[in-house]
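Asker: Pasting a structure here, questions to come.
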Amino acid sequence: MAQLAVVGAGYVGLVTAACLSEFGHRVTCIEVDERRLIGLGAGDLPIHEPGLAELVWEHARDGRLQFTGDYTRIAGTEFVFIAVPTPSREDGSADTSYVLQAVHSLITHARPGLVIVIKSTVPVGTGDGIAGLAPVLDAGLEVVSNPEFLRQGTAVHDFLEPDRVVIGASSPEAAARVARLYASLDAPIVAVDRRSAELAKYTANALLATRISFMNEISHIATAVDADVDVVARIVGMDRRIGPAFLRAGLGWGGSCFPKDVLALSSVAASNGCRAPILKAVYEINELQREHAAELLLDAVRAIQDPIVAVLGLAFKPNTDDVRGSPGLGIAQRLLKEGVTVRVHDPFAFVNASRVLPDVDYRLDPYSALDGADALLLATEWEEYAALDWVLVRETMRGKTVLDGRNALNGVLLAELGFRYRSFGRAGQNNENGTAPHEHPIAPPGVSEASLR
Ligand code: UGA
């Protein structure tokens, strides 16, 4: 079992440290934020991630996982994983200064042959750049790219049961040493050059974002031609060459990764003299979804004096309290600017949301947010929203517009209850004038009707 360090106790660093100690390695996690460090010492995690606290507590207790702010602890390690943020700069490029700072802080304590493993998402060529730094060369250190593919909400599972482990190295020996750290996993190990590993990470996120933006474009066509984008997604997803994941239309993608990485990849393209019109369109379509939603809501309440819009869901996706890049928050901000009173609810993210958006009316229960509202936006598909008592909601809302930003509600039922249901591309369920939606087609013999829904 190896001795290793992980720099950064954020979402990627903490998951990496906890899971590597679960593999049996002895891990020192280095965190420079004193408050965070004190919290970790007391078993208090800075993020919520299913299964993470249990792993951290277990391995802090058995001594395999330790937290410190002290870089001298690098001296006894064979590997240092760097898992620090690479935020967007004004121009969209990724700011790698925290990564470089971490490298400079560790060099003086590193023993020859130590492997610097870069987990942070970095522009292509960053690993080569670090490997070429005089102090890195002088100290005889290796640099390996080992990108993460962790989704918030399932990060521990994604680390312990990955689709693949990517190792980008300039020597087979360094790649083999890092590969051995993952020996207990039943997953393909893909050993490649550093630049391909770095580009693969961006490409994965950009491709997933592209699928969503593409389906969002299709959703508008579906509305125009009276088709159903969910049905279309299911049909195309049944093609094994395409697959069903990340085809859900709606308000689009948020979070701390897709927006940053699509911009950063565009910037990598531009700085290397390449045109990247697809990436530009993918980003623009995502912005347009939010504008489109805001316009629909404003249209619905324009004629009303002192209108109230309720936004359900502020987390960028369900099962997280992260509001970075959240569509719900962005739309709430836009509505506020237009003089609309905005009431919001989120089962989990309201503390984080209230830090960025203090001027809205936070409600601790969705019914209270909806009471007297003229329109409702469902912005995050938390399960509890689909299970609301819609009869009660219809009685207490002042207006009847429901904009289903995640195509997650039963539009047919809502229309029957008298709501004016709007979605992103479920034309059959939309009922523009508050009338019942048109009927679903009858299934021909041998075809299940459910498959037509
Ligand atoms: C994403 C990637 O999925 C991870 O593989 C990657 O490691 C991570 O970024 C990262 O770079 O660190 P995450 O940001 O946690 O993970 O979120 P996703 O589950 O990928 O969802 C991103 C956004 O797409 C969410 O706002 C979600 O609501 C939206 N989405 C997802 C859709 O609008 N439609 C879909 O069909 C799927």
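By order in the structure tokens, chains are A, B, ...; within a chain, residues start at 1; ligands start at 1, following the order shown.
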Go through the chains and note each residue within 9 Å of ligand 1, using only C-alpha atoms and all ligand atoms, then give the set as number ranges by chain.

Answerer: A: 11-12, 120-121, 147-155, 158, 201-202, 204-205, 208-209, 211-213, 215-216, 244-261, 315-318, 320, 325-327, 380-381, 406

Asker: Enumerate, as a PyMOL selection string, the complete set of residues in range 54-268 of chain A that a backbone-based DSSP assignment places in strand (DSSP E).

Answerer: chain A and resi 65-68+79-82+115-118+142-145+165-168+189-192

Asker: Take the residues from that selection and write them out as a PDB file, in the first residue's frame, keeping C-alpha atoms.

Answerer:
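Result saved to again34.pdb:
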ATOM      1  CA  LEU A  65      -6.644   9.358   6.432  1.00  0.00           C
ATOM      2  CA  GLN A  66      -5.208  12.465   8.058  1.00  0.00           C
ATOM      3  CA  PHE A  67      -5.761  16.168   7.486  1.00  0.00           C
ATOM      4  CA  THR A  68      -3.114  18.847   7.800  1.00  0.00           C
ATOM      5  CA  PHE A  79       2.523  10.452  -4.819  1.00  0.00           C
ATOM      6  CA  VAL A  80       0.876  13.852  -4.459  1.00  0.00           C
ATOM      7  CA  PHE A  81      -2.562  14.277  -6.019  1.00  0.00           C
ATOM      8  CA  ILE A  82      -3.428  17.881  -6.828  1.00  0.00           C
ATOM      9  CA  VAL A 115       4.831  11.518  -8.779  1.00  0.00           C
ATOM     10  CA  ILE A 116       2.699  14.659  -9.039  1.00  0.00           C
ATOM     11  CA  VAL A 117      -0.754  13.439 -10.090  1.00  0.00           C
ATOM     12  CA  ILE A 118      -2.980  16.165 -11.508  1.00  0.00           C
ATOM     13  CA  GLU A 142       7.223  12.761 -12.487  1.00  0.00           C
ATOM     14  CA  VAL A 143       4.007  14.462 -13.618  1.00  0.00           C
ATOM     15  CA  VAL A 144       0.923  12.403 -14.449  1.00  0.00           C
ATOM     16  CA  SER A 145      -2.545  13.515 -15.519  1.00  0.00           C
ATOM     17  CA  VAL A 165      -9.360   5.279 -15.069  1.00  0.00           C
ATOM     18  CA  VAL A 166      -7.351   7.577 -17.337  1.00  0.00           C
ATOM     19  CA  ILE A 167      -3.632   7.947 -16.745  1.00  0.00           C
ATOM     20  CA  GLY A 168      -1.693  10.401 -18.883  1.00  0.00           C
ATOM     21  CA  ILE A 189      -7.081   1.551 -17.049  1.00  0.00           C
ATOM     22  CA  VAL A 190      -6.341   3.723 -20.078  1.00  0.00           C
ATOM     23  CA  ALA A 191      -2.709   4.773 -20.148  1.00  0.00           C
ATOM     24  CA  VAL A 192      -2.060   7.536 -22.675  1.00  0.00           C
TER      25      VAL A 192
END

Asker: How many Å separate CA of Pro307 in chain A from CA of Thr396 in chain A?

Answerer: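 Atom-to-atom, CA of Pro307 in chain A and CA of Thr396 in chain A are spaced 15.0 Å apart.
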
Asker: Here is a test: counting only C-alpha atoms, which residue of A:Ala270, A:Ile331, A:Ile218, A:Leu106 is nearest to Thr77 in chain A?

Answerer: A:Leu106

Asker: Residues of range 91-280 of chain A classed as helix (DSSP H, G or I) by DSSP on the backbone are to be reported as a PyMOL selection string.

Answerer: chain A and resi 97-107+126-131+134-138+155-160+172-181+194-225+229-237+258-271+277-280

Asker: I'd like to know which of A:Leu296, A:Arg324, A:Ala387, A:Leu312 is closest to Tyr421 in chain A, using only C-alpha atoms.

Answerer: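 Using only C-alpha atoms, the shortest distance to Tyr421 in chain A belongs to A:Leu296.
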
Asker: Select, from A:Val402, A:Val262, A:Val225, A:Ala187, the residue with the minimum atom-to-atom distance to Ala293 in chain A, counting only C-alpha atoms.

Answerer: A:Val402

Asker: Give me, as a list in words, all polymer residues having an atom no more than 12 Å from Asp359 in chain A, counting only C-alpha atoms and skipping those fewer than 2 positions away in the same chain.

Answerer: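 That gives Leu329, Ala332, Gln333, Leu335, Leu336, Lys337, Gly339, Val340, Thr341, Val342, Arg343, Val344, Ala353, Ser354, Arg355, Val356, Leu357, Asp361 and Tyr362 of chain A.
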
Asker: Kindly give the distance, in Å, that separates CA of Asp374 in chain A and CA of Val309 in chain A, rounded to a single decimal.

Answerer: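 Going from CA of Asp374 in chain A over to CA of Val309 in chain A, I get 5.8 Å.
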
Asker: Which of these residues is nearest to Gly13 in chain A, using only C-alpha atoms: A:Gln289, A:Pro50, A:Ala174, A:Val84?

Answerer: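 Among the listed residues, A:Val84 lies closest to Gly13 in chain A.
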
Asker: Expressed in Å to a single decimal, how great is the separation between CA of Arg398 in chain A and CA of Leu414 in chain A?

Answerer: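 Computed distance, CA of Arg398 in chain A to CA of Leu414 in chain A, equals 15.2 Å.
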
Asker: Please provide as a PyMOL selection string all residues within 9 Å of range 90-94 of chain A, with the sequence filter that same-chain residues fewer than 3 positions apart are discarded (counting only C-alpha atoms).

Answerer: chain A and resi 86-87+121-123+260-268

Asker: Could you tell me which of A:Leu279, A:Leu378, A:Ala102, A:Ile47 comes closest to Asp70 in chain A if we count only C-alpha atoms?

Answerer: A:Ala102

Asker: Compare A:Val32, A:Ala310, A:Ala169, A:Leu288 by their minimum atom-to-atom distance to Met397 in chain A, counting only C-alpha atoms, and give me the closest one.

Answerer: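 Among the listed residues, A:Ala310 lies closest to Met397 in chain A.
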